[in-house]
Structures are given as structure tokens and as C-alpha cells.
Amino acid sequence: MDKVVDFINLSRERYLDELKAFLAIPSVSALPEHAGDVKRCAEWCGEEMRRIGLEHVRLIDTPGNPVVYGDWLHAEGAPTILFYGHYDVQPVDPLDLWLSPPFEATVRDGEIYARGAADDKGQVFMHLKAIEAHLTQNGRLPVNIKLMIEGEEEVGSAHLDDFIRDHKSELAADVVVVSDSTMFDRGVPSICYGLRGLVYFQIDLRGSSTDLHSGSFGGAVANPAFVLSQMIVQMKDRGGRIKIPGFYDDVRELEPEEREAWARLPFNERKYRKDFGIPKLAGETGYTTLERTWARPTFEVNGLLSGFTGDGAKTVLPAVAMAKVSMRLVPNQRPEKIAELFDAYVRKLAPKTVELKVTRMHGGKPWMTEYDNPFVQAAGRAIEKGFGQKPIFTREGGSIPVVSTFQEELGLPSVLFGVGLPDENAHAPNEKLDLGNFHNGVIASAILYDEIARAPSA
Ligand code: BES
Ligand code: MN
Ligand code: MN
């Protein structure tokens with residue numbers, strides 16, 4: 001292992017140049033104008049995988065963006081890792097808030113700034129470099145590994161469940177490794193054992209065929225902006241509890257042991273408020289901030305649009321109003337069922353004075369695992385060696401739709417070993433990745449393969 005670690009330590013500068021090239025490709029999956037870049041990014045991944053010595057590298061088509069696949073399967077008798085990551089990134093708007101261009105990676109104060117630096121290109125690249133280190137130094141890996149890097153995670157992985165069902169035998173493995181999450185805090189590495197799920201909707205209301213003079217018509221015609229606001233207000237009570245009938249039926253309550261463990265985590269509420277400019281925290285009565293974000297479902301308005309929003313004033317009765325809303329789900333809520341409950345409730349809330357259109361968008365299932373699994377323990381040892389500190393166990397509020405599919409379709413446990421930080425601006429302007437964490441992450445990943453090879457079979 002020393003040779004591998006030495007090689008990693010000597011490669012710092014080169015890693016940076018290569019990562020910059022990866023980050024330069026604007027692989028924004030949400031925007032049709034970037035379709036060519038998404039494809040080019042898939043090809044870049046394939047090239048890099050071939051170059052570091054992976055085999056059977058190919059782009060596998062889906063009805064959406066290709067999955068990049070590659071493997072190395074010569075560790076006879078050793079376990080097989082299925083590595084999952086994504087090469088697509090979120091849109092960059094608002095562009096004017098970026099301090100350096102989102103697709104020209106720039107290093108400032110030990111952090112690399114670019115869209116995708118943390119989510120998820122930097123973390124995918126970290127594993128490619130760990131594999132490269134083993135293959136160049138030893139000519140082999142201690143484990144078998146299959147990599148699948150997808151291009152639609154940021155738009156809900158709509159085609160991935162079918163992809164996995166269609167390639168079940170090719171994807172057979174012992175454990176899934178994912179690096180697409182954050183550490184608990186700077187200097188506090190962690191392993192994530194739970195993710196929330198998601199259902200996302202657009203609501204459109206129309207109150208008239210055209211905008212109207214608010215003096216001539218106001219008072220006699222429903223205002224869709226107002227009606228939409230009234231409907232949104234009906235989604236939660238004053239204690240922050242969601243009022244959709246049946247919404248909590250399948251929610252798995254927190255165990256007392258879990259609450260006690262989380263209460264002991266080094267979470268500083270004042271710093272959290274200060275870091276993100278939050279005047280006062282809000283949320284469901286009876287739960288702490290970590291509980292609210294990791295283990296409780298939410299209803300959020302992600303976007304709201306209606307009427308006149310320019311400078312000055314305009315007396316207008318808007319014809320339409322639109323909201324994008326989503327719900328984060330927790331075990332054992334199911335997106336399909338929650339979507340039905342939401343749809344029925346919205347239809348009940350909408351008055352006859354407006355036309356209503358409800359459109360369901362992407363989503364994903366929640367996920368949670370027991371972390372006494374030997375592979376998770378192996379990851380714990382690898383992180384301790386790479387970061388000089390034992391990891392803590394956390395859940396996350398975000399979603400990675402495919403992780404529960406790995407469990408359900410392939411029967412595989414997942415190890416979520418993330419090296420991002422909560423303040424690295426994923427999905428926001430000035431996304432960045434701490435280069436120290438990246439570097440330790442390459443070392444920890446290289447050690448992880450060794451530790452998994454030695455783990456007692458699960
Ligand atoms: N990497 C994130 C998920 C994540 C965020 C995990 C924070 C742990 C901590 C992922 O790329 C993501 O953004 N997922 C989307 C999924 C959605 C588009 C279906 C999300 O959570 O909004
Ligand atoms: Mn991600
Ligand atoms: Mn993301």
C-alpha cells in the first residue's frame with residue numbers, strides 16, 4: 001500500500017490539471033442545449049477509464065444519456081465493488097454570482113471552484129485516481145470493480161432503474177460504493193447510511209384567458225397568484241406538519257437511540273445559521289435541525305411565478321400562476337403513493353374559479369441501511385487511515401434515486417463515502433471542493449479497495 005500512497009502523493013499537480021479538464025465540460029443534463037456536452041463528457045469519462053487500465057469500457061445507450069461502464073475483474077476470489085457516480089451537473093444560473101466562470105476550474109485558498117467540483121465529478125475522479133494508483137503501481141487491484149457513471153442523476157435518473165433491470169447479471173457485485181455526498185463537517189469525515197427520497201410537481205393555474213386590468217376586473221375574477229398562495233398555505237399547519245391526508249402513514253419514526261446519537265454529534269446551530277445567513281431556524285415542532293433534515297419529510301416550494309415582477313408598479317390581474325413544489329420523503333414512504341395523495345389533495349384545494357393543471361416531474365425513493373455491515377465497517381477503517389480520523393455515521397437530506405434500486409433490484413448494500421462539505425455550494429453559484437479532502441479521499445479510496453478485499457463476506 002505504501003507504494004500506492006506515495007504515488008498518490010506525488011501526483012497532486014497532475015490530478016489538478018486532469019480534474020480541470022473534466023470540470024471544463026458543461027455536462028448540464030437539465031438543459032437541451034448542452035446535450036452535445038453531456039455526450040462529450042461521457043466520452044471523456046470512457047477515455048479516462050481506458051487510459052487508467054480499466055477494461056470493457058463502453059458507453060451504454062439508454063433512452064436518455066449514456067451510462068459509462070468499465071471494469072477490472074481479475075482479483076479472483078475477492079469481492080466485487082459496483083462503483084456508482086454521475087458525470088452530469090446542475091445548471092449554473094444565476095451566472096453573475098459566480099466569482100470565476102463555472103466551467104473554468106479555478107483554485108482559491110485550497111479549494112477548486114467549478115460546477116461539478118463536489119457534485120459529483122470531483123468525487124468520481126477521486127476513485128478513478130485511486131484505481132489508477134493501484135494499477136500503475138501493482139498492475140492489479142485488490143478487488144474486482146465495475147464502474148457505472150451515469151448522466152441523468154441531476155434530472156432524476158429516469159432511465160436508470162430499467163438500465164439496472166436490463167443489465168442485472170453484468171452488474172452483479174457484492175457491494176456498491178458511492179461518493180456523492182458530504183462529510184459532516186470540515187475535519188469530521190462521515191459515512192452516510194440514509195438518504196431522503198423525492199417527488200416533484202408543477203402546478204399551473206389559469207384564471208382568465210389573458211391578463212386583465214386589475215381595476216376593471218379585480219374583485220370579480222379570481223387572482224391565480226392569490227389562489228395558488230392559498231393552496232400552498234394549506235400544505236402545512238403552523239407546527240410545520242404537512243396536511244396532505246395520509247402523508248405520514250408510512251413514515252418510519254426515529255428510534256430513541258438514533259436521536260441520542262445525533263444529539264451527540266458536533267453540530268453547531270449558531271454557526272449553521274451564521275454560515276448560511278439564516279435569521280432564525282424553522283421547521284417541524286418537536287424535532288432538531290438534524291432530525292428535520294435527515295429523518296423527517298418536507299414540503300417545499302422550489303419556484304413561484306405570477307404577474308408583474310419588473311421595476312415599478314403595474315395594476316394587473318395575472319391570467320396565470322405557476323409553482324414548482326417538491327416533497328422530500330423518508331423511509332418507508334413511497335413516491336408513487338405520495339404522488340397520488342398530493343395530486344388528490346391539490347385537486348380538492350383548487351376552487352372552481354381557476355383551471356388547474358398538475359404535472360408530475362422526477363423523483364426517487366428514500367433509502368436507509370444498517371451500518372453494522374462488514375463493508376461499511378471496512379469503509380470506516382479506510383477513512384480513518386485516509387483522513388486520520390474515525391468517521392461518524394450520518395444520514396443526509398438529499399436524494400440519490402438509484403441507491404434504493406441497488407438494494408431492491410440487485411440486493412446490494414451501499415457504502416456512501418462522501419468527501420464534499422456542506423458549505424461547498426452544490427447546485428448553487430461558486431460550487432467548490434476542498435483539495436485536501438479530495439487528496440485524502442483518493443488515499444482513502446485506494447485503501448478502501450484493500451479493506452473491502454479483506455472484509456469478511458457479508
Ligand atoms: N449528490 C446529490 C445528493 C446529495 C446531496 C446527497 C447532499 C447527500 C447530500 C445529488 O446529485 C442530487 O443533487 N440529487 C438530487 C436528486 C433529484 C434530482 C432527484 C436531489 O437531492 O435534489
Ligand atoms: Mn450528486
Ligand atoms: Mn446534485
# chains A, B, ... in the order shown; residues from 1 in each chain; ligands from 1
>>> residues_around(residues="Gly364 in chain A", least_positions_apart="4", cutoff="9 Å", atoms="only C-alpha atoms", output="ChimeraX atom specification")
/A:156-158,196-199,329,334-335,399-402,404
>>> residues_near_ligand(ligand="ligand 1", cutoff="10 Å", atoms="only C-alpha atoms and all ligand atoms", output="VMD selection string")
chain A and resid 30 85 to 90 116 118 to 120 123 152 to 158 178 to 184 192 194 to 200 294 326 328 361 to 365 395 to 402 416 to 418 420 to 422 426 to 427
>>> closest_residue(among="A:Met368, A:Leu433, A:Ala382, A:Ala24", to="Ala455 in chain A", atoms="only C-alpha atoms")
A:Ala382
>>> atom_distance(atom1="CA of Leu23 in chain A", atom2="CA of Phe103 in chain A")
6.1 Å
>>> closest_residue(among="A:Pro66, A:Gly139, A:Gly151, A:Gly77", to="ligand 2", atoms="only C-alpha atoms and all ligand atoms")
A:Gly151
>>> closest_residue(among="A:Glu258, A:Asp2, A:Asp372, A:Glu150", to="Thr394 in chain A", atoms="only C-alpha atoms")
A:Glu258
>>> residues_around(residues="Leu290 in chain A", least_positions_apart="5", cutoff="12 Å", atoms="only C-alpha atoms", output="list in words")
Phe184, Leu254, Glu258, Arg259, Glu260, Ala261, Trp262, Ala263, Arg264, Leu265, Pro266, Phe267, Asn268, Glu269, Tyr272, Leu281, Gly283, Glu284, Ala295, Arg296, Thr394, Arg395, Glu396 and Gly397 of chain A
>>> write_last_selection(atoms="C-alpha atoms", output="compact mmCIF listing (two decimals), in the first residue's frame")
# COMPACT_ATOMS: atom_id res chain seq x y z
CA PHE A 184 -20.49 16.03 8.35
CA LEU A 254 -36.88 7.94 14.62
CA GLU A 258 -30.70 7.35 16.78
CA ARG A 259 -31.93 10.61 18.30
CA GLU A 260 -29.48 10.25 21.17
CA ALA A 261 -26.58 9.55 18.81
CA TRP A 262 -27.42 12.59 16.67
CA ALA A 263 -27.76 14.80 19.71
CA ARG A 264 -24.13 13.98 20.50
CA LEU A 265 -22.83 14.99 17.04
CA PRO A 266 -20.72 18.15 16.91
CA PHE A 267 -23.47 20.25 15.32
CA ASN A 268 -23.29 23.95 16.00
CA GLU A 269 -26.62 25.58 15.33
CA TYR A 272 -25.04 26.91 10.83
CA LEU A 281 -34.34 28.33 12.14
CA GLY A 283 -39.30 23.52 10.92
CA GLU A 284 -41.49 20.84 12.34
CA ALA A 295 -35.27 11.93 9.02
CA ARG A 296 -38.42 14.00 8.51
CA THR A 394 -24.86 10.29 9.40
CA ARG A 395 -27.95 10.42 7.25
CA GLU A 396 -28.45 13.05 4.56
CA GLY A 397 -31.36 15.16 3.45
>>> atom_distance(atom1="CA of Ala321 in chain A", atom2="CA of Leu341 in chain A")
22.1 Å
>>> select_by_dssp(residues="range 168-326 of chain A", states="helix (DSSP H, G or I)", output="PyMOL selection string")
chain A and resi 224-233+256-263+269-275+289-294
>>> atom_distance(atom1="CA of Tyr193 in chain A", atom2="CA of Thr369 in chain A")
5.5 Å
>>> residues_around(residues="Phe83 in chain A", least_positions_apart="5", cutoff="6 Å", atoms="only C-alpha atoms", output="short mmCIF file (atom, residue, chain, number, x, y, z; two decimals) with all heavy atoms, in the first residue's frame")
data_model
loop_
_atom_site.label_atom_id
_atom_site.label_comp_id
_atom_site.auth_asym_id
_atom_site.auth_seq_id
_atom_site.Cartn_x
_atom_site.Cartn_y
_atom_site.Cartn_z
N LEU A 147 -17.52 -0.19 -12.84
CA LEU A 147 -17.92 1.21 -12.66
C LEU A 147 -19.11 1.53 -13.55
O LEU A 147 -19.10 1.16 -14.74
CB LEU A 147 -16.77 2.16 -13.04
CG LEU A 147 -15.59 2.21 -12.07
CD1 LEU A 147 -14.61 1.10 -12.39
CD2 LEU A 147 -14.90 3.55 -12.14
N VAL A 176 -22.02 -1.87 -3.29
CA VAL A 176 -21.98 -0.65 -4.10
C VAL A 176 -21.19 0.41 -3.33
O VAL A 176 -21.35 0.55 -2.12
CB VAL A 176 -23.41 -0.12 -4.37
CG1 VAL A 176 -23.37 1.20 -5.13
CG2 VAL A 176 -24.23 -1.15 -5.14
N VAL A 177 -20.32 1.11 -4.04
CA VAL A 177 -19.62 2.24 -3.43
C VAL A 177 -20.04 3.51 -4.17
O VAL A 177 -20.03 3.56 -5.40
CB VAL A 177 -18.09 2.07 -3.52
CG1 VAL A 177 -17.37 3.35 -3.09
CG2 VAL A 177 -17.63 0.90 -2.63
#
>>> closest_residue(among="A:Pro429, A:Lys314, A:Glu43, A:His56", to="Asp96 in chain A", atoms="only C-alpha atoms")
A:Pro429
>>> residues_around(residues="Asp343 in chain A", least_positions_apart="4", cutoff="8 Å", atoms="only C-alpha atoms", output="list in words")
Ala339, Arg347 and Val358 of chain A
